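Visitor: What follows is the file entry32.txt, containing compact mmCIF, C-alpha atoms:
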# COMPACT_ATOMS: atom_id res chain seq x y z
CA MET H 1 8.35 -9.46 38.11
CA GLN H 2 7.09 -10.92 34.84
CA PRO H 3 7.64 -8.63 31.86
CA VAL H 4 4.89 -7.31 29.64
CA PHE H 5 6.12 -6.53 26.14
CA ILE H 6 4.76 -3.39 24.49
CA ASP H 7 4.94 -1.99 20.98
CA PHE H 8 3.43 1.00 19.23
CA GLU H 9 2.73 1.92 15.64
CA ALA H 10 2.62 5.64 14.98
CA SER H 11 1.60 8.38 12.60
CA SER H 12 5.26 9.02 11.74
CA LEU H 13 8.67 9.00 13.37
CA SER H 14 8.84 12.76 13.90
CA PRO H 15 9.10 14.23 17.41
CA ALA H 16 5.46 15.41 17.25
CA SER H 17 4.08 12.08 15.99
CA TRP H 18 1.34 10.23 17.85
CA PRO H 19 0.41 6.60 18.49
CA ILE H 20 -2.10 4.85 16.25
CA GLU H 21 -1.87 1.32 17.68
CA VAL H 22 -0.62 -0.23 20.90
CA GLY H 23 0.10 -3.91 21.42
CA LEU H 24 0.82 -5.88 24.58
CA ALA H 25 2.11 -9.41 24.97
CA LYS H 26 2.12 -11.24 28.30
CA ILE H 27 3.33 -14.73 29.11
CA ASP H 28 0.84 -16.85 31.04
CA ASN H 29 1.85 -20.45 31.78
CA ASP H 30 4.22 -20.51 28.78
CA GLU H 31 1.45 -19.18 26.51
CA ILE H 32 1.64 -15.77 24.89
CA VAL H 33 -1.44 -13.61 25.40
CA VAL H 34 -1.64 -10.70 22.95
CA LYS H 35 -3.91 -7.67 23.12
CA SER H 36 -3.88 -4.66 20.85
CA ARG H 37 -5.97 -1.59 20.18
CA LEU H 38 -6.14 0.89 17.34
CA ILE H 39 -6.23 4.48 18.59
CA ARG H 40 -8.46 7.26 17.29
CA PRO H 41 -6.33 10.42 17.21
CA HIS H 42 -6.90 12.86 20.06
CA ASP H 43 -8.15 16.32 19.08
CA SER H 44 -4.91 17.86 20.35
CA TRP H 45 -2.75 15.77 18.01
CA ALA H 46 -1.68 17.51 14.80
CA MET H 47 -3.04 15.77 11.72
CA SER H 48 -0.05 17.14 9.82
CA GLU H 49 1.95 14.43 11.62
CA TRP H 50 0.20 11.70 9.60
CA HIS H 51 2.81 10.61 7.04
CA LEU H 52 2.00 8.31 4.14
CA GLU H 53 5.47 6.76 4.43
CA SER H 54 4.43 5.31 7.80
CA THR H 55 1.22 3.95 6.30
CA GLU H 56 3.33 2.06 3.78
CA VAL H 57 5.23 0.43 6.68
CA HIS H 58 2.37 -0.59 9.00
CA GLY H 59 -0.48 -0.70 6.50
CA ILE H 60 -2.94 1.12 8.78
CA GLN H 61 -5.10 3.62 6.93
CA LEU H 62 -6.16 6.90 8.53
CA GLU H 63 -9.79 6.00 7.81
CA GLU H 64 -9.48 2.91 10.04
CA LEU H 65 -8.65 5.16 12.98
CA SER H 66 -11.89 7.12 12.66
CA VAL H 67 -13.78 4.09 13.99
CA ALA H 68 -11.12 3.10 16.56
CA ALA H 69 -11.51 3.66 20.29
CA PRO H 70 -10.78 7.23 21.41
CA ALA H 71 -7.25 7.87 22.67
CA GLU H 72 -8.52 8.49 26.22
CA GLU H 73 -10.31 5.14 26.29
CA VAL H 74 -7.24 3.28 25.03
CA ALA H 75 -5.06 5.12 27.55
CA HIS H 76 -7.36 4.08 30.39
CA TRP H 77 -7.46 0.46 29.17
CA LEU H 78 -3.67 0.39 28.84
CA SER H 79 -3.04 1.83 32.30
CA LEU H 80 -5.24 -0.89 33.83
CA GLU H 81 -3.65 -3.68 31.76
CA VAL H 82 -0.08 -2.84 32.76
CA GLU H 83 -0.56 -1.75 36.36
CA GLY H 84 2.27 -3.15 38.47
CA CYS H 85 4.04 -4.72 35.48
CA LEU H 86 7.53 -4.35 34.07
CA LEU H 87 6.89 -2.80 30.64
CA VAL H 88 9.52 -3.82 28.11
CA SER H 89 10.11 -2.30 24.66
CA ASP H 90 12.70 -2.96 21.98
CA ALA H 91 12.57 0.72 20.97
CA PRO H 92 12.00 2.66 24.21
CA GLU H 93 13.25 5.95 22.76
CA PHE H 94 10.22 5.97 20.42
CA ASP H 95 7.71 3.93 22.40
CA GLN H 96 8.16 6.01 25.57
CA ARG H 97 7.29 9.16 23.63
CA TRP H 98 4.14 7.54 22.21
CA LEU H 99 3.19 6.06 25.60
CA ASP H 100 3.55 9.49 27.20
CA ARG H 101 1.54 11.15 24.44
CA LEU H 102 -1.26 8.59 24.86
CA LEU H 103 -1.35 8.82 28.65
CA GLU H 104 -1.35 12.63 28.50
CA THR H 105 -4.93 12.35 27.24
CA LEU H 106 -5.96 11.26 30.75
CA SER H 107 -6.58 13.81 33.47
CA THR H 108 -4.32 11.93 35.90
CA ASP H 109 -0.55 11.89 36.16
CA HIS H 110 1.33 8.74 35.26
CA ASP H 111 4.81 7.45 35.85
CA LEU H 112 4.97 4.49 33.48
CA LYS H 113 8.51 4.00 32.25
CA LEU H 114 9.61 1.51 29.64
CA ALA H 115 12.53 -0.81 30.18
CA ASP H 116 14.87 -1.57 27.31
CA PHE H 117 14.48 -5.12 25.98
CA ASP H 118 18.22 -5.69 25.58
CA GLN H 119 18.98 -4.57 29.14
CA VAL H 120 16.19 -6.67 30.63
CA VAL H 121 17.27 -9.72 28.64
CA TRP H 122 20.88 -9.30 29.77
CA TRP H 123 19.76 -9.01 33.40
CA ALA H 124 17.30 -11.92 33.19
CA PHE H 125 19.67 -14.33 31.51
CA SER H 126 22.70 -13.59 33.69
CA GLU H 127 23.54 -15.32 36.92
CA GLU H 128 24.24 -13.56 40.22
CA GLN H 129 27.85 -12.72 39.41
CA GLY H 130 26.96 -11.44 35.95
CA ASN H 131 27.97 -14.64 34.20
CA LEU H 132 25.74 -15.59 31.31
CA LYS H 133 23.50 -18.62 31.57
CA PRO H 134 24.52 -21.00 28.80
CA GLY H 135 22.39 -20.55 25.70
CA GLY H 136 19.86 -18.07 27.08
CA LEU H 137 20.95 -14.96 25.22
CA HIS H 138 21.75 -16.97 22.12
CA ASN H 139 18.22 -18.39 22.10
CA VAL H 140 16.63 -14.95 22.59
CA TYR H 141 18.51 -13.32 19.75
CA SER H 142 18.25 -16.33 17.45
CA GLU H 143 14.48 -16.13 17.81
CA LEU H 144 14.50 -12.40 17.08
CA THR H 145 16.76 -12.83 14.08
CA ASN H 146 14.35 -15.35 12.58
CA ARG H 147 11.33 -13.06 12.88
CA CYS H 148 9.91 -10.95 10.11
CA SER H 149 8.29 -7.87 11.61
CA THR H 150 4.73 -7.21 10.50
CA HIS H 151 4.86 -3.68 11.89
CA ARG H 152 1.62 -4.30 13.73
CA ALA H 153 1.83 -3.58 17.45
CA GLY H 154 0.35 -6.82 18.80
CA ASP H 155 2.38 -9.06 16.51
CA ASP H 156 5.62 -7.19 17.22
CA ALA H 157 5.04 -7.35 20.99
CA ALA H 158 4.34 -11.09 20.63
CA ASP H 159 7.68 -11.51 18.81
CA LEU H 160 9.46 -10.11 21.87
CA ALA H 161 7.53 -12.47 24.15
CA ARG H 162 8.44 -15.44 21.91
CA ALA H 163 12.09 -14.46 22.09
CA TRP H 164 11.85 -14.24 25.89
CA LEU H 165 10.33 -17.71 26.05
CA ALA H 166 13.11 -19.04 23.81
CA GLY H 167 15.63 -17.70 26.31
CA CYS H 168 13.84 -19.49 29.14
CA ARG H 169 14.24 -22.90 27.47
Can you give me the file's structure in the form of structure tokens?
Guide:
Amino acid sequence: MQPVFIDFEASSLSPASWPIEVGLAKIDNDEIVVKSRLIRPHDSWAMSEWHLESTEVHGIQLEELSVAAPAEEVAHWLSLEVEGCLLVSDAPEFDQRWLDRLLETLSTDHDLKLADFDQVVWWAFSEEQGNLKPGGLHNVYSELTNRCSTHRAGDDAADLARAWLAGCR
């Protein structure tokens, strides 16, 4: 199963924070396809969870979200985009919470679970007996080390996809 890399930007890092941007990166014939959406906050999300410190990191202003797609619309789009895919995150402890919060805006149940990037990479670049394929892991983490995160969801998801491709070479 081909991985789809996912990343979120959020209102803050607190337990009650909510997603403001989601990014996906897929690999199609050795090309990285990136899609991202800004998310208008859902009415049930506490505006007190918007922290200016987070704005300084990702650069997304609250005003930009007022013209973004509603959370329910983004949740529906996302669920269609990733149906049947292995969703991979480099920060699943945060991204799972924001994915759940986004999908809770839909009236249907969901069971999307994020896989940890490091675990998936280890599995993908190991041989049957658990021996490492020469160079694969080194290439993945060398690529990641050389990246400078923009803290934008699409770009950060694309960085993970680029690292994956480096491991495949």
Visitor: Would you pick out the contacts of region 42-49 of chain H at 10 Å or less, using all atoms listed in the file, so that residues sharing its chain but fewer than 5 positions from it are not included, and give the list as number ranges by chain?
Guide: H: 10-19, 62, 70-72, 101-102, 105
Visitor: Restricting the calculation to only C-alpha atoms, which member of H:His76, H:Val67, H:Trp122, H:Ala161 is positioned closest to Asp28 (chain H)?
Guide: H:Ala161
Visitor: Can you tell me how far CA of Cys168 (chain H) sits from CA of Leu86 (chain H), in Å to one decimal?
Guide: 17.1 Å
Visitor: Go through H:His58, H:Arg162, H:Lys35, H:Lys113 and flag the residue nearest Glu9 (chain H), using all atoms listed in the file for the distances.
Guide: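 With all atoms listed in the file as the atom set, the closest residue is H:His58.
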Visitor: Could you give me, as a short mmCIF file (atom, residue, chain, number, x, y, z; two decimals) with C-alpha atoms, keeping the file's coordinate frame, the residues that have an atom at most 8 Å away from the point (0.3, -9.4, 27.2) in the coordinates of the file, using all atoms listed in the file?
Guide:
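out-v4.cif, written as the output of this step:
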data_model
loop_
_atom_site.label_atom_id
_atom_site.label_comp_id
_atom_site.auth_asym_id
_atom_site.auth_seq_id
_atom_site.Cartn_x
_atom_site.Cartn_y
_atom_site.Cartn_z
CA VAL H 4 4.89 -7.31 29.64
CA PHE H 5 6.12 -6.53 26.14
CA ILE H 6 4.76 -3.39 24.49
CA GLY H 23 0.10 -3.91 21.42
CA LEU H 24 0.82 -5.88 24.58
CA ALA H 25 2.11 -9.41 24.97
CA LYS H 26 2.12 -11.24 28.30
CA ILE H 27 3.33 -14.73 29.11
CA ILE H 32 1.64 -15.77 24.89
CA VAL H 33 -1.44 -13.61 25.40
CA VAL H 34 -1.64 -10.70 22.95
CA LYS H 35 -3.91 -7.67 23.12
CA ALA H 158 4.34 -11.09 20.63
#
Visitor: How many Å lie between CA of Arg40 (chain H) and CA of Asp7 (chain H), rounded to one decimal?
Guide: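 The value is 16.7 Å.
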Visitor: Here is a test: counting all atoms listed in the file, which residue of H:Glu104, H:Glu63, H:Asp30, H:Asp111 is nearest to Gly84 (chain H)?
Guide: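 Of H:Glu104, H:Glu63, H:Asp30, H:Asp111, the one nearest Gly84 (chain H) is H:Asp111, counting all atoms listed in the file.
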Visitor: Tell me, as a PyMOL selection string, which residues lie within 7 Å of region 1-3 of chain H, counting all atoms listed in the file; anything in the same chain fewer than 5 positions away does not count.
Guide: chain H and resi 85-88
Visitor: Would you save the residues of that selection, restricted to C-alpha atoms, as a PDB file, in the frame of the given file?
Guide:
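Saved file again-v6.pdb follows:
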ATOM      1  CA  CYS H  85       4.040  -4.720  35.480  1.00  0.00           C
ATOM      2  CA  LEU H  86       7.530  -4.350  34.070  1.00  0.00           C
ATOM      3  CA  LEU H  87       6.890  -2.800  30.640  1.00  0.00           C
ATOM      4  CA  VAL H  88       9.520  -3.820  28.110  1.00  0.00           C
TER       5      VAL H  88
END
Visitor: Rounded to one decimal place, report the CA of Asp159 (chain H)-CA of Ser66 (chain H) distance in Å.
Guide: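 Distance between the two atoms: 27.7 Å.
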Visitor: So, counting all atoms listed in the file, which residue among H:Arg37, H:His138, H:His110, H:Arg152 is closest to Ile60 (chain H)?
Guide: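 Among the listed residues, H:Arg152 lies closest to Ile60 (chain H).
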Visitor: Looking at H:Leu114, H:Arg147, H:Glu81, H:Ala153, which one is nearest to Arg97 (chain H), with distances taken over all atoms listed in the file?
Guide: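 Closest to Arg97 (chain H) of all the choices is H:Leu114.
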Visitor: Adding 5 Å on each side of the box along x, y and z that holds all listed atoms of region 106-113 of chain H, could you give its centre and edge lengths in Å to one decimal, as AutoDock Vina command-line options?
Guide:
--center_x 1.0 --center_y 8.9 --center_z 33.5 --size_x 25.1 --size_y 19.8 --size_z 15.4
Visitor: Limit the output to N, CA and C atoms and give region 78-122 of chain H as a PDB file, in the first residue's frame.
Guide:
ATOM      1  N   LEU H  78     -11.137  15.520   2.683  1.00  0.00           N
ATOM      2  CA  LEU H  78     -10.032  14.716   3.190  1.00  0.00           C
ATOM      3  C   LEU H  78     -10.398  13.236   3.236  1.00  0.00           C
ATOM      4  N   SER H  79     -11.583  12.928   3.728  1.00  0.00           N
ATOM      5  CA  SER H  79     -11.975  11.520   3.835  1.00  0.00           C
ATOM      6  C   SER H  79     -12.031  10.854   2.465  1.00  0.00           C
ATOM      7  N   LEU H  80     -12.424  11.594   1.437  1.00  0.00           N
ATOM      8  CA  LEU H  80     -12.434  11.041   0.077  1.00  0.00           C
ATOM      9  C   LEU H  80     -11.015  10.887  -0.469  1.00  0.00           C
ATOM     10  N   GLU H  81     -10.159  11.856  -0.207  1.00  0.00           N
ATOM     11  CA  GLU H  81      -8.780  11.836  -0.712  1.00  0.00           C
ATOM     12  C   GLU H  81      -7.962  10.671  -0.161  1.00  0.00           C
ATOM     13  N   VAL H  82      -8.214  10.288   1.073  1.00  0.00           N
ATOM     14  CA  VAL H  82      -7.354   9.297   1.725  1.00  0.00           C
ATOM     15  C   VAL H  82      -8.009   7.929   1.877  1.00  0.00           C
ATOM     16  N   GLU H  83      -9.176   7.762   1.311  1.00  0.00           N
ATOM     17  CA  GLU H  83      -9.882   6.487   1.436  1.00  0.00           C
ATOM     18  C   GLU H  83      -9.003   5.336   0.944  1.00  0.00           C
ATOM     19  N   GLY H  84      -8.831   4.334   1.791  1.00  0.00           N
ATOM     20  CA  GLY H  84      -8.054   3.161   1.426  1.00  0.00           C
ATOM     21  C   GLY H  84      -6.549   3.355   1.426  1.00  0.00           C
ATOM     22  N   CYS H  85      -6.072   4.474   1.942  1.00  0.00           N
ATOM     23  CA  CYS H  85      -4.632   4.774   1.924  1.00  0.00           C
ATOM     24  C   CYS H  85      -4.010   4.549   3.302  1.00  0.00           C
ATOM     25  N   LEU H  86      -2.714   4.364   3.304  1.00  0.00           N
ATOM     26  CA  LEU H  86      -1.941   4.332   4.537  1.00  0.00           C
ATOM     27  C   LEU H  86      -1.529   5.770   4.832  1.00  0.00           C
ATOM     28  N   LEU H  87      -2.126   6.359   5.859  1.00  0.00           N
ATOM     29  CA  LEU H  87      -1.840   7.749   6.228  1.00  0.00           C
ATOM     30  C   LEU H  87      -0.644   7.791   7.168  1.00  0.00           C
ATOM     31  N   VAL H  88       0.364   8.565   6.795  1.00  0.00           N
ATOM     32  CA  VAL H  88       1.622   8.588   7.540  1.00  0.00           C
ATOM     33  C   VAL H  88       1.925  10.008   8.010  1.00  0.00           C
ATOM     34  N   SER H  89       2.260  10.128   9.292  1.00  0.00           N
ATOM     35  CA  SER H  89       2.569  11.421   9.906  1.00  0.00           C
ATOM     36  C   SER H  89       3.880  11.322  10.674  1.00  0.00           C
ATOM     37  N   ASP H  90       4.620  12.422  10.694  1.00  0.00           N
ATOM     38  CA  ASP H  90       5.839  12.439  11.509  1.00  0.00           C
ATOM     39  C   ASP H  90       5.562  12.905  12.937  1.00  0.00           C
ATOM     40  N   ALA H  91       4.325  13.280  13.223  1.00  0.00           N
ATOM     41  CA  ALA H  91       3.934  13.681  14.579  1.00  0.00           C
ATOM     42  C   ALA H  91       2.522  13.161  14.862  1.00  0.00           C
ATOM     43  N   PRO H  92       2.339  11.836  14.866  1.00  0.00           N
ATOM     44  CA  PRO H  92       0.983  11.298  14.990  1.00  0.00           C
ATOM     45  C   PRO H  92       0.294  11.642  16.306  1.00  0.00           C
ATOM     46  N   GLU H  93       1.047  11.884  17.362  1.00  0.00           N
ATOM     47  CA  GLU H  93       0.416  12.220  18.633  1.00  0.00           C
ATOM     48  C   GLU H  93      -0.341  13.547  18.544  1.00  0.00           C
ATOM     49  N   PHE H  94       0.116  14.476  17.737  1.00  0.00           N
ATOM     50  CA  PHE H  94      -0.599  15.734  17.511  1.00  0.00           C
ATOM     51  C   PHE H  94      -1.564  15.605  16.338  1.00  0.00           C
ATOM     52  N   ASP H  95      -1.063  15.103  15.214  1.00  0.00           N
ATOM     53  CA  ASP H  95      -1.871  15.064  13.992  1.00  0.00           C
ATOM     54  C   ASP H  95      -3.110  14.189  14.137  1.00  0.00           C
ATOM     55  N   GLN H  96      -3.029  13.102  14.915  1.00  0.00           N
ATOM     56  CA  GLN H  96      -4.214  12.258  15.113  1.00  0.00           C
ATOM     57  C   GLN H  96      -5.308  13.039  15.834  1.00  0.00           C
ATOM     58  N   ARG H  97      -4.903  13.819  16.826  1.00  0.00           N
ATOM     59  CA  ARG H  97      -5.879  14.626  17.569  1.00  0.00           C
ATOM     60  C   ARG H  97      -6.564  15.626  16.639  1.00  0.00           C
ATOM     61  N   TRP H  98      -5.782  16.282  15.763  1.00  0.00           N
ATOM     62  CA  TRP H  98      -6.372  17.266  14.855  1.00  0.00           C
ATOM     63  C   TRP H  98      -7.187  16.593  13.757  1.00  0.00           C
ATOM     64  N   LEU H  99      -6.756  15.424  13.297  1.00  0.00           N
ATOM     65  CA  LEU H  99      -7.547  14.659  12.329  1.00  0.00           C
ATOM     66  C   LEU H  99      -8.887  14.271  12.944  1.00  0.00           C
ATOM     67  N   ASP H 100      -8.863  13.754  14.160  1.00  0.00           N
ATOM     68  CA  ASP H 100     -10.104  13.372  14.839  1.00  0.00           C
ATOM     69  C   ASP H 100     -11.027  14.571  15.020  1.00  0.00           C
ATOM     70  N   ARG H 101     -10.446  15.688  15.454  1.00  0.00           N
ATOM     71  CA  ARG H 101     -11.264  16.884  15.679  1.00  0.00           C
ATOM     72  C   ARG H 101     -11.921  17.336  14.373  1.00  0.00           C
ATOM     73  N   LEU H 102     -11.183  17.288  13.275  1.00  0.00           N
ATOM     74  CA  LEU H 102     -11.732  17.675  11.976  1.00  0.00           C
ATOM     75  C   LEU H 102     -12.836  16.719  11.545  1.00  0.00           C
ATOM     76  N   LEU H 103     -12.581  15.422  11.650  1.00  0.00           N
ATOM     77  CA  LEU H 103     -13.563  14.442  11.186  1.00  0.00           C
ATOM     78  C   LEU H 103     -14.793  14.370  12.081  1.00  0.00           C
ATOM     79  N   GLU H 104     -14.674  14.820  13.322  1.00  0.00           N
ATOM     80  CA  GLU H 104     -15.834  14.880  14.216  1.00  0.00           C
ATOM     81  C   GLU H 104     -16.884  15.867  13.726  1.00  0.00           C
ATOM     82  N   THR H 105     -16.523  16.747  12.808  1.00  0.00           N
ATOM     83  CA  THR H 105     -17.499  17.700  12.267  1.00  0.00           C
ATOM     84  C   THR H 105     -18.464  17.023  11.296  1.00  0.00           C
ATOM     85  N   LEU H 106     -18.139  15.815  10.865  1.00  0.00           N
ATOM     86  CA  LEU H 106     -19.024  15.060   9.976  1.00  0.00           C
ATOM     87  C   LEU H 106     -20.019  14.269  10.819  1.00  0.00           C
ATOM     88  N   SER H 107     -21.145  13.950  10.222  1.00  0.00           N
ATOM     89  CA  SER H 107     -22.163  13.203  10.960  1.00  0.00           C
ATOM     90  C   SER H 107     -21.914  11.698  10.943  1.00  0.00           C
ATOM     91  N   THR H 108     -20.864  11.262  10.259  1.00  0.00           N
ATOM     92  CA  THR H 108     -20.560   9.837  10.174  1.00  0.00           C
ATOM     93  C   THR H 108     -19.354   9.495  11.040  1.00  0.00           C
ATOM     94  N   ASP H 109     -19.295   8.240  11.452  1.00  0.00           N
ATOM     95  CA  ASP H 109     -18.138   7.772  12.213  1.00  0.00           C
ATOM     96  C   ASP H 109     -16.960   7.580  11.274  1.00  0.00           C
ATOM     97  N   HIS H 110     -15.784   7.619  11.824  1.00  0.00           N
ATOM     98  CA  HIS H 110     -14.579   7.378  11.030  1.00  0.00           C
ATOM     99  C   HIS H 110     -13.625   6.524  11.842  1.00  0.00           C
ATOM    100  N   ASP H 111     -12.732   5.877  11.159  1.00  0.00           N
ATOM    101  CA  ASP H 111     -11.728   5.071  11.848  1.00  0.00           C
ATOM    102  C   ASP H 111     -10.345   5.302  11.253  1.00  0.00           C
ATOM    103  N   LEU H 112     -10.097   6.502  10.756  1.00  0.00           N
ATOM    104  CA  LEU H 112      -8.789   6.814  10.182  1.00  0.00           C
ATOM    105  C   LEU H 112      -7.746   6.906  11.290  1.00  0.00           C
ATOM    106  N   LYS H 113      -6.709   6.114  11.147  1.00  0.00           N
ATOM    107  CA  LYS H 113      -5.613   6.117  12.109  1.00  0.00           C
ATOM    108  C   LYS H 113      -4.318   6.439  11.379  1.00  0.00           C
ATOM    109  N   LEU H 114      -3.513   7.258  11.998  1.00  0.00           N
ATOM    110  CA  LEU H 114      -2.240   7.650  11.408  1.00  0.00           C
ATOM    111  C   LEU H 114      -1.136   6.682  11.806  1.00  0.00           C
ATOM    112  N   ALA H 115      -0.303   6.372  10.845  1.00  0.00           N
ATOM    113  CA  ALA H 115       0.886   5.565  11.100  1.00  0.00           C
ATOM    114  C   ALA H 115       2.060   6.505  11.351  1.00  0.00           C
ATOM    115  N   ASP H 116       2.963   6.077  12.206  1.00  0.00           N
ATOM    116  CA  ASP H 116       4.143   6.863  12.536  1.00  0.00           C
ATOM    117  C   ASP H 116       5.183   6.746  11.425  1.00  0.00           C
ATOM    118  N   PHE H 117       5.659   7.880  10.935  1.00  0.00           N
ATOM    119  CA  PHE H 117       6.627   7.922   9.841  1.00  0.00           C
ATOM    120  C   PHE H 117       7.842   7.035  10.117  1.00  0.00           C
ATOM    121  N   ASP H 118       8.421   7.158  11.306  1.00  0.00           N
ATOM    122  CA  ASP H 118       9.633   6.398  11.618  1.00  0.00           C
ATOM    123  C   ASP H 118       9.381   4.890  11.571  1.00  0.00           C
ATOM    124  N   GLN H 119       8.240   4.452  12.092  1.00  0.00           N
ATOM    125  CA  GLN H 119       7.919   3.023  12.063  1.00  0.00           C
ATOM    126  C   GLN H 119       7.690   2.531  10.644  1.00  0.00           C
ATOM    127  N   VAL H 120       6.986   3.316   9.842  1.00  0.00           N
ATOM    128  CA  VAL H 120       6.710   2.918   8.462  1.00  0.00           C
ATOM    129  C   VAL H 120       8.004   2.874   7.654  1.00  0.00           C
ATOM    130  N   VAL H 121       8.868   3.847   7.864  1.00  0.00           N
ATOM    131  CA  VAL H 121      10.154   3.869   7.161  1.00  0.00           C
ATOM    132  C   VAL H 121      10.981   2.641   7.541  1.00  0.00           C
ATOM    133  N   TRP H 122      11.041   2.325   8.819  1.00  0.00           N
ATOM    134  CA  TRP H 122      11.804   1.160   9.264  1.00  0.00           C
ATOM    135  C   TRP H 122      11.266  -0.101   8.592  1.00  0.00           C
TER     136      TRP H 122
END
